[in-house]
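The structure file coords12.txt is reproduced below (compact mmCIF, C-alpha atoms).
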# COMPACT_ATOMS: atom_id res chain seq x y z
CA ALA A 21 76.12 88.51 101.36
CA ARG A 22 73.35 87.34 99.03
CA GLU A 23 71.58 85.35 101.74
CA CYS A 24 72.12 88.00 104.42
CA VAL A 25 70.66 90.79 102.26
CA HIS A 26 67.76 88.57 101.24
CA ILE A 27 66.93 87.97 104.92
CA ALA A 28 67.22 91.69 105.69
CA LEU A 29 64.80 92.55 102.89
CA GLU A 30 62.38 89.87 104.11
CA THR A 31 62.65 91.33 107.60
CA GLY A 32 61.63 94.75 106.30
CA TYR A 33 64.88 96.63 105.88
CA ARG A 34 64.98 98.85 102.79
CA PHE A 35 68.25 100.79 103.19
CA LEU A 36 71.31 98.89 101.96
CA ASP A 37 74.73 100.34 102.74
CA CYS A 38 77.15 99.08 100.09
CA ALA A 39 80.71 99.97 99.08
CA GLN A 40 83.36 99.13 96.52
CA PHE A 41 85.59 98.10 99.43
CA TYR A 42 83.15 95.46 100.67
CA GLY A 43 83.59 93.54 97.43
CA ASN A 44 80.08 92.05 97.41
CA GLU A 45 77.90 94.41 95.38
CA ALA A 46 77.21 91.79 92.70
CA GLU A 47 75.85 89.48 95.40
CA VAL A 48 73.75 92.30 96.82
CA GLY A 49 72.33 92.88 93.35
CA LEU A 50 71.35 89.23 93.09
CA ALA A 51 69.72 89.36 96.53
CA ILE A 52 67.66 92.37 95.46
CA GLU A 53 66.64 90.50 92.31
CA ASP A 54 65.70 87.43 94.38
CA SER A 55 63.60 89.47 96.81
CA GLY A 56 61.09 90.88 94.37
CA VAL A 57 61.18 94.22 96.24
CA GLU A 58 60.59 97.07 93.80
CA ARG A 59 63.48 99.45 93.17
CA LYS A 60 61.36 102.46 94.16
CA ASP A 61 60.98 100.98 97.64
CA LEU A 62 64.73 100.62 98.21
CA PHE A 63 67.35 103.14 99.28
CA LEU A 64 70.69 102.06 97.84
CA ALA A 65 73.94 103.64 98.97
CA SER A 66 77.54 102.93 98.02
CA LYS A 67 81.04 104.36 98.41
CA VAL A 68 84.15 104.70 96.26
CA TRP A 69 87.38 103.38 97.81
CA THR A 70 90.74 105.10 98.17
CA ASN A 71 92.46 103.35 95.25
CA LYS A 72 89.96 104.68 92.72
CA ILE A 73 89.96 108.12 94.34
CA PHE A 74 93.74 108.17 93.99
CA GLU A 75 93.59 107.05 90.35
CA GLY A 76 91.43 110.01 89.42
CA GLU A 77 88.21 111.14 87.83
CA ASP A 78 87.88 108.44 85.16
CA ALA A 79 88.43 105.69 87.73
CA VAL A 80 85.81 107.16 90.06
CA ARG A 81 83.25 107.39 87.26
CA ALA A 82 84.03 103.83 86.13
CA GLN A 83 83.55 102.58 89.69
CA VAL A 84 80.13 104.21 90.00
CA GLU A 85 79.13 102.63 86.69
CA GLN A 86 80.34 99.24 87.94
CA THR A 87 78.27 99.62 91.10
CA LEU A 88 75.19 100.48 89.05
CA LYS A 89 75.76 97.36 86.97
CA ASP A 90 76.38 95.11 89.99
CA LEU A 91 73.33 96.38 91.88
CA LYS A 92 71.24 96.08 88.71
CA THR A 93 69.96 99.65 88.85
CA ASP A 94 70.22 102.81 86.80
CA TYR A 95 70.58 105.15 89.77
CA LEU A 96 71.87 105.23 93.34
CA ASP A 97 70.05 107.04 96.12
CA LEU A 98 73.30 107.99 97.83
CA TYR A 99 76.97 107.76 96.91
CA LEU A 100 79.87 108.62 99.22
CA VAL A 101 83.57 109.37 99.11
CA HIS A 102 84.76 106.62 101.48
CA TRP A 103 87.87 108.42 102.82
CA PRO A 104 89.20 111.94 102.15
CA VAL A 105 92.30 110.99 100.18
CA PRO A 106 94.68 113.99 100.48
CA GLY A 107 96.44 116.02 97.82
CA GLY A 108 93.09 117.28 96.55
CA LYS A 109 92.17 113.79 95.36
CA HIS A 110 88.94 113.57 97.37
CA VAL A 111 87.82 116.96 96.04
CA LYS A 112 88.26 115.82 92.44
CA ALA A 113 86.37 112.61 93.21
CA TYR A 114 83.50 114.60 94.71
CA LYS A 115 83.28 116.75 91.59
CA VAL A 116 82.80 113.61 89.50
CA LEU A 117 79.92 112.66 91.77
CA GLU A 118 78.43 116.13 91.28
CA ASP A 119 78.51 115.57 87.51
CA MET A 120 76.85 112.16 87.91
CA HIS A 121 74.22 113.75 90.16
CA LYS A 122 73.38 116.15 87.35
CA GLU A 123 73.12 113.15 85.01
CA GLY A 124 70.58 111.54 87.34
CA LYS A 125 72.76 108.55 88.21
CA ILE A 126 73.25 109.65 91.83
CA LYS A 127 70.34 111.21 93.73
CA SER A 128 72.40 112.53 96.66
CA ILE A 129 76.11 112.77 97.48
CA GLY A 130 77.79 112.21 100.81
CA LEU A 131 81.03 111.85 102.70
CA SER A 132 82.49 109.17 104.89
CA ASN A 133 85.18 109.54 107.54
CA TYR A 134 85.58 113.26 106.91
CA ALA A 135 87.05 115.48 109.58
CA VAL A 136 85.98 119.10 109.95
CA GLU A 137 89.10 120.21 108.08
CA ASP A 138 88.44 117.83 105.18
CA TYR A 139 84.98 119.30 104.74
CA GLU A 140 86.35 122.84 104.89
CA GLU A 141 88.77 121.98 102.09
CA LEU A 142 85.96 120.44 100.03
CA SER A 143 83.41 123.19 100.65
CA LYS A 144 85.59 125.77 98.91
CA GLU A 145 85.13 123.95 95.60
CA CYS A 146 81.93 121.91 95.72
CA SER A 147 78.62 123.18 94.36
CA ILE A 148 76.35 120.54 95.92
CA GLN A 149 76.32 120.27 99.70
CA PRO A 150 76.92 116.74 101.02
CA ALA A 151 73.82 115.08 102.46
CA ILE A 152 75.63 113.07 105.12
CA ASN A 153 78.95 112.25 106.70
CA GLN A 154 79.13 108.58 107.64
CA ILE A 155 81.52 108.11 110.56
CA GLU A 156 81.92 105.73 113.46
CA VAL A 157 79.59 106.84 116.25
CA ASN A 158 78.90 105.03 119.51
CA PRO A 159 79.35 105.89 123.20
CA PHE A 160 82.94 104.63 123.04
CA LEU A 161 83.82 106.99 120.19
CA TYR A 162 81.61 110.02 120.66
CA ARG A 163 83.32 112.84 118.77
CA LYS A 164 80.96 115.58 119.89
CA LYS A 165 82.77 118.56 118.32
CA THR A 166 82.83 116.84 114.93
CA ILE A 167 79.19 115.76 115.14
CA ASP A 168 78.04 119.21 116.27
CA PHE A 169 79.98 120.88 113.45
CA PHE A 170 78.46 118.80 110.65
CA GLN A 171 74.96 118.96 112.10
CA SER A 172 75.29 122.76 112.34
CA LYS A 173 76.02 122.80 108.59
CA GLY A 174 72.88 120.80 107.83
CA ILE A 175 74.88 117.65 107.07
CA GLN A 176 73.42 114.57 108.70
CA ILE A 177 75.67 112.23 110.64
CA GLN A 178 75.23 108.55 109.83
CA ALA A 179 76.77 106.03 112.20
CA TYR A 180 78.71 102.96 111.28
CA ARG A 181 79.84 100.63 114.06
CA ALA A 182 76.92 101.97 116.08
CA LEU A 183 76.87 98.61 117.85
CA ARG A 184 80.68 98.44 118.03
CA ASP A 185 80.57 95.05 116.28
CA GLY A 186 79.01 93.55 119.41
CA LYS A 187 82.23 94.06 121.38
CA ALA A 188 80.61 96.39 123.94
CA PHE A 189 77.55 94.31 124.80
CA ASP A 190 79.20 93.04 127.98
CA HIS A 191 80.37 96.43 129.19
CA PRO A 192 79.04 96.90 132.75
CA LEU A 193 77.22 100.16 132.03
CA VAL A 194 75.65 98.94 128.80
CA ALA A 195 74.61 95.68 130.47
CA SER A 196 73.14 97.47 133.49
CA LEU A 197 71.12 99.83 131.30
CA ALA A 198 69.87 96.87 129.26
CA ALA A 199 68.60 95.33 132.49
CA LYS A 200 67.12 98.63 133.69
CA TYR A 201 65.14 99.24 130.50
CA LYS A 202 64.46 95.54 129.82
CA ARG A 203 66.14 95.85 126.44
CA SER A 204 69.11 94.23 124.74
CA PRO A 205 72.55 95.89 124.84
CA ALA A 206 72.23 96.50 121.08
CA GLN A 207 68.97 98.35 121.61
CA ILE A 208 70.58 100.55 124.28
CA LEU A 209 73.41 101.52 121.91
CA GLY A 210 71.00 102.03 119.02
CA ARG A 211 68.67 104.18 121.07
CA TRP A 212 71.62 106.31 122.25
CA CYS A 213 72.39 107.05 118.58
CA VAL A 214 68.78 107.97 117.86
CA GLN A 215 68.70 110.40 120.79
CA LYS A 216 71.86 112.04 119.44
CA ASN A 217 69.99 112.73 116.16
CA VAL A 218 72.42 110.39 114.42
CA ILE A 219 71.23 108.09 111.63
CA TYR A 220 71.52 104.59 113.03
CA ILE A 221 72.34 101.76 110.59
CA PRO A 222 72.65 98.46 112.47
CA LYS A 223 74.53 95.52 111.03
CA SER A 224 73.76 91.83 111.57
CA VAL A 225 73.60 88.57 109.65
CA LYS A 226 71.00 86.96 111.94
CA ARG A 227 67.28 87.38 111.33
CA GLU A 228 66.37 87.62 115.04
CA ARG A 229 69.03 90.28 115.60
CA MET A 230 67.75 92.25 112.61
CA PHE A 231 64.31 92.42 114.22
CA GLU A 232 65.81 93.29 117.59
CA ASN A 233 68.10 96.01 116.24
CA ALA A 234 65.18 97.84 114.63
CA CYS A 235 63.19 98.13 117.87
CA VAL A 236 64.69 101.37 119.17
CA PHE A 237 61.83 103.81 118.64
CA ASP A 238 59.42 102.79 121.40
CA PHE A 239 61.45 103.76 124.48
CA GLU A 240 63.70 106.58 125.64
CA LEU A 241 66.89 106.72 127.69
CA GLY A 242 66.93 109.16 130.61
CA ALA A 243 69.22 112.19 130.51
CA ASP A 244 71.45 110.85 133.30
CA ASP A 245 71.89 107.54 131.49
CA ILE A 246 72.73 109.35 128.24
CA ALA A 247 75.36 111.38 130.10
CA GLU A 248 76.91 108.22 131.55
CA LEU A 249 77.12 106.66 128.09
CA ASP A 250 78.65 109.85 126.68
CA ALA A 251 81.45 109.56 129.22
CA LEU A 252 82.61 106.17 127.89
CA THR A 253 84.78 107.79 125.20
CA THR A 254 88.40 107.71 126.36
CA ASP A 255 91.53 109.50 125.20
CA GLU A 256 92.84 106.09 124.16
CA ASN A 257 89.88 105.56 121.82
CA ILE A 258 90.37 109.01 120.29
CA GLN A 259 94.04 108.18 119.71
CA LYS A 260 93.10 104.89 118.03
CA PHE A 261 90.76 106.79 115.74
CA ARG A 262 93.56 109.24 114.91
CA GLU A 263 95.86 106.37 113.94
CA LEU A 264 93.11 104.79 111.82
CA TYR A 265 92.40 108.07 110.03
CA GLU A 266 96.07 108.68 109.20
CA LYS A 267 96.38 105.14 107.85
CA CYS A 268 93.15 104.91 105.89
CA VAL A 269 93.20 108.20 103.98
CA ILE A 270 96.13 106.79 101.96
CA ARG A 271 95.43 103.06 102.36
CA ASP A 272 95.63 101.01 99.13
CA THR A 273 97.33 103.87 97.29
CA PRO A 274 101.00 104.23 96.27
CA TRP A 275 101.26 106.87 99.00
CA ALA A 276 100.76 104.28 101.76
CA GLU A 277 104.45 103.33 101.63
CA ALA A 278 105.86 106.64 100.42
CA GLU A 279 107.07 109.50 102.56
CA GLU A 280 105.63 111.91 99.98
CA GLY A 281 102.14 110.55 100.64
CA LYS A 282 102.47 110.47 104.41
CA LYS A 283 103.47 114.14 104.36
CA LEU A 284 100.19 114.95 102.58
CA VAL A 285 98.09 113.56 105.43
CA LYS A 286 96.69 116.40 107.53
CA SER A 287 98.77 116.64 110.69
CA THR A 288 96.17 118.59 112.63
CA ILE A 289 92.47 117.83 112.46
CA THR A 290 89.56 117.88 114.87
CA TYR A 291 89.73 114.39 116.35
CA ASP A 292 87.06 114.79 119.02
Could you take the file, read its structure, and then write that structure out as structure tokens?
Amino acid sequence: ARECVHIALETGYRFLDCAQFYGNEAEVGLAIEDSGVERKDLFLASKVWTNKIFEGEDAVRAQVEQTLKDLKTDYLDLYLVHWPVPGGKHVKAYKVLEDMHKEGKIKSIGLSNYAVEDYEELSKECSIQPAINQIEVNPFLYRKKTIDFFQSKGIQIQAYRALRDGKAFDHPLVASLAAKYKRSPAQILGRWCVQKNVIYIPKSVKRERMFENACVFDFELGADDIAELDALTTDENIQKFRELYEKCVIRDTPWAEAEEGKKLVKSTITYD
């Protein structure tokens, strides 16, 4: 991670998406130190994982403090609740982040992997509106109702797996559009995100790909091509997301193997 982040900073990237779960924040901190880039020029984001959310307020606060230490900074630009752990746990975690926002340690607060219903539960008790909801967004998992809902509330959607980990580069439609626009498949997927008003955060470990992934602002996909890409989301992909959601909201907690915990997982949410 240290070398990868160093290359990204050399390439010109200034937003670093970190997380407790990734287990590499100390290396990211060293890369920042190596780079010589001033803190004021960086946008540092991180996320608290399910185990700490489950453990409660003190664990969440301790994790934020650990991230600050590892990244060698006294504030974070953005901090997210990684998954909406049920039983009110994610709400309590968010309230800790609100307190740390007031202390100046977190500049903005966000969500990750929240469904509409999770936000509705949170909104009844939070005093600071989330800045973003980071979810998987790409033409193969285009959850339009969810995206429209959050955007209508003034909450930005930030995409992870925007490039689908490179697994869609050979898809016939993506490949044909890459040829049509004389762009790479990654640039087609990235540009699709941009035209959906979704914050696009590409991921790569290769310098040349980092340059390539950033070049999505000097061309535009036609409306018909956008519509074709939109149609790539299948019922099977929505079902896979549903299974992932139900697993991850209690992953790495005692509830993962307990019937009590599984019963707390929302049985009906907006999946599309």
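Going from CA of Lys125 (chain A) over to CA of Leu29 (chain A), you cover 23.1 Å.
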Place a sphere of radius 7 Å on (71.0, 111.1, 97.5) in the file coordinates and name every protein, DNA or RNA residue with an atom inside or on its surface, counting all atoms listed in the file; give the answer as a PyMOL selection string.
chain A and resi 97-99+126-129+151
Of the listed residues A:Thr290, A:Lys283, A:Glu232, A:Ser196, that which approaches Asp245 (chain A) most closely, counting only C-alpha atoms:
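Comparing A:Thr290, A:Lys283, A:Glu232, A:Ser196 against Asp245 (chain A), the winner is A:Ser196.
Going from CA of Leu36 (chain A) over to CA of Val84 (chain A), you cover 15.8 Å.
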Show me, as a PyMOL selection string, the residues that have an atom within 7 Å of Ala46 (chain A) when counting all atoms listed in the file, minus same-chain residues fewer than 2 positions from it.
chain A and resi 44+48-50+90-91
Excluding region 218-220 of chain A and its own-chain neighbours fewer than 6 positions away, which residues fall within 7 Å of it when counting only C-alpha atoms? Please give them as a VMD selection string.
chain A and resid 177 to 179 182 210
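CA of Leu62 (chain A) is positioned 12.8 Å from CA of His26 (chain A).
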Hey, could you patch up region 236-255 of chain A with N, CA, C and O atoms and hand it over as a PDB file, in the frame of the given file?
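Dumped everything to selection_1.pdb:
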ATOM      1  N   VAL A 236      64.047 100.335 118.337  1.00  0.00           N
ATOM      2  CA  VAL A 236      64.690 101.370 119.170  1.00  0.00           C
ATOM      3  C   VAL A 236      63.867 102.654 119.215  1.00  0.00           C
ATOM      4  O   VAL A 236      64.348 103.672 119.714  1.00  0.00           O
ATOM      5  N   PHE A 237      62.630 102.590 118.732  1.00  0.00           N
ATOM      6  CA  PHE A 237      61.830 103.810 118.640  1.00  0.00           C
ATOM      7  C   PHE A 237      60.656 103.846 119.612  1.00  0.00           C
ATOM      8  O   PHE A 237      59.843 104.773 119.567  1.00  0.00           O
ATOM      9  N   ASP A 238      60.563 102.848 120.486  1.00  0.00           N
ATOM     10  CA  ASP A 238      59.420 102.790 121.400  1.00  0.00           C
ATOM     11  C   ASP A 238      59.833 102.920 122.867  1.00  0.00           C
ATOM     12  O   ASP A 238      59.092 102.541 123.769  1.00  0.00           O
ATOM     13  N   PHE A 239      61.030 103.460 123.113  1.00  0.00           N
ATOM     14  CA  PHE A 239      61.450 103.760 124.480  1.00  0.00           C
ATOM     15  C   PHE A 239      62.471 104.891 124.427  1.00  0.00           C
ATOM     16  O   PHE A 239      62.945 105.272 123.353  1.00  0.00           O
ATOM     17  N   GLU A 240      62.782 105.450 125.581  1.00  0.00           N
ATOM     18  CA  GLU A 240      63.700 106.580 125.640  1.00  0.00           C
ATOM     19  C   GLU A 240      64.630 106.441 126.834  1.00  0.00           C
ATOM     20  O   GLU A 240      64.199 106.067 127.930  1.00  0.00           O
ATOM     21  N   LEU A 241      65.912 106.734 126.608  1.00  0.00           N
ATOM     22  CA  LEU A 241      66.890 106.720 127.690  1.00  0.00           C
ATOM     23  C   LEU A 241      66.823 108.035 128.465  1.00  0.00           C
ATOM     24  O   LEU A 241      66.678 109.108 127.865  1.00  0.00           O
ATOM     25  N   GLY A 242      66.933 107.966 129.791  1.00  0.00           N
ATOM     26  CA  GLY A 242      66.930 109.160 130.610  1.00  0.00           C
ATOM     27  C   GLY A 242      68.186 109.983 130.412  1.00  0.00           C
ATOM     28  O   GLY A 242      69.233 109.465 129.984  1.00  0.00           O
ATOM     29  N   ALA A 243      68.097 111.273 130.729  1.00  0.00           N
ATOM     30  CA  ALA A 243      69.220 112.190 130.510  1.00  0.00           C
ATOM     31  C   ALA A 243      70.467 111.767 131.281  1.00  0.00           C
ATOM     32  O   ALA A 243      71.589 111.862 130.765  1.00  0.00           O
ATOM     33  N   ASP A 244      70.298 111.282 132.497  1.00  0.00           N
ATOM     34  CA  ASP A 244      71.450 110.850 133.300  1.00  0.00           C
ATOM     35  C   ASP A 244      72.128 109.640 132.672  1.00  0.00           C
ATOM     36  O   ASP A 244      73.368 109.529 132.677  1.00  0.00           O
ATOM     37  N   ASP A 245      71.329 108.738 132.126  1.00  0.00           N
ATOM     38  CA  ASP A 245      71.890 107.540 131.490  1.00  0.00           C
ATOM     39  C   ASP A 245      72.613 107.905 130.202  1.00  0.00           C
ATOM     40  O   ASP A 245      73.684 107.354 129.894  1.00  0.00           O
ATOM     41  N   ILE A 246      72.060 108.847 129.442  1.00  0.00           N
ATOM     42  CA  ILE A 246      72.730 109.350 128.240  1.00  0.00           C
ATOM     43  C   ILE A 246      74.086 109.946 128.616  1.00  0.00           C
ATOM     44  O   ILE A 246      75.110 109.673 127.962  1.00  0.00           O
ATOM     45  N   ALA A 247      74.111 110.730 129.669  1.00  0.00           N
ATOM     46  CA  ALA A 247      75.360 111.380 130.100  1.00  0.00           C
ATOM     47  C   ALA A 247      76.403 110.344 130.502  1.00  0.00           C
ATOM     48  O   ALA A 247      77.601 110.506 130.196  1.00  0.00           O
ATOM     49  N   GLU A 248      75.973 109.284 131.167  1.00  0.00           N
ATOM     50  CA  GLU A 248      76.910 108.220 131.550  1.00  0.00           C
ATOM     51  C   GLU A 248      77.481 107.529 130.317  1.00  0.00           C
ATOM     52  O   GLU A 248      78.677 107.223 130.263  1.00  0.00           O
ATOM     53  N   LEU A 249      76.643 107.282 129.335  1.00  0.00           N
ATOM     54  CA  LEU A 249      77.120 106.660 128.090  1.00  0.00           C
ATOM     55  C   LEU A 249      78.080 107.589 127.359  1.00  0.00           C
ATOM     56  O   LEU A 249      79.106 107.145 126.834  1.00  0.00           O
ATOM     57  N   ASP A 250      77.767 108.874 127.342  1.00  0.00           N
ATOM     58  CA  ASP A 250      78.650 109.850 126.680  1.00  0.00           C
ATOM     59  C   ASP A 250      80.071 109.788 127.243  1.00  0.00           C
ATOM     60  O   ASP A 250      81.048 110.005 126.520  1.00  0.00           O
ATOM     61  N   ALA A 251      80.162 109.513 128.526  1.00  0.00           N
ATOM     62  CA  ALA A 251      81.450 109.560 129.220  1.00  0.00           C
ATOM     63  C   ALA A 251      82.322 108.334 128.960  1.00  0.00           C
ATOM     64  O   ALA A 251      83.452 108.252 129.461  1.00  0.00           O
ATOM     65  N   LEU A 252      81.841 107.388 128.156  1.00  0.00           N
ATOM     66  CA  LEU A 252      82.610 106.170 127.890  1.00  0.00           C
ATOM     67  C   LEU A 252      83.738 106.387 126.880  1.00  0.00           C
ATOM     68  O   LEU A 252      84.624 105.544 126.737  1.00  0.00           O
ATOM     69  N   THR A 253      83.707 107.502 126.161  1.00  0.00           N
ATOM     70  CA  THR A 253      84.780 107.790 125.200  1.00  0.00           C
ATOM     71  C   THR A 253      86.050 108.183 125.951  1.00  0.00           C
ATOM     72  O   THR A 253      86.045 109.113 126.754  1.00  0.00           O
ATOM     73  N   THR A 254      87.128 107.469 125.681  1.00  0.00           N
ATOM     74  CA  THR A 254      88.400 107.710 126.360  1.00  0.00           C
ATOM     75  C   THR A 254      89.407 108.361 125.427  1.00  0.00           C
ATOM     76  O   THR A 254      89.273 108.307 124.198  1.00  0.00           O
ATOM     77  N   ASP A 255      90.443 108.940 126.000  1.00  0.00           N
ATOM     78  CA  ASP A 255      91.530 109.500 125.200  1.00  0.00           C
ATOM     79  C   ASP A 255      92.184 108.417 124.347  1.00  0.00           C
ATOM     80  O   ASP A 255      92.614 108.669 123.213  1.00  0.00           O
TER      81      ASP A 255
END
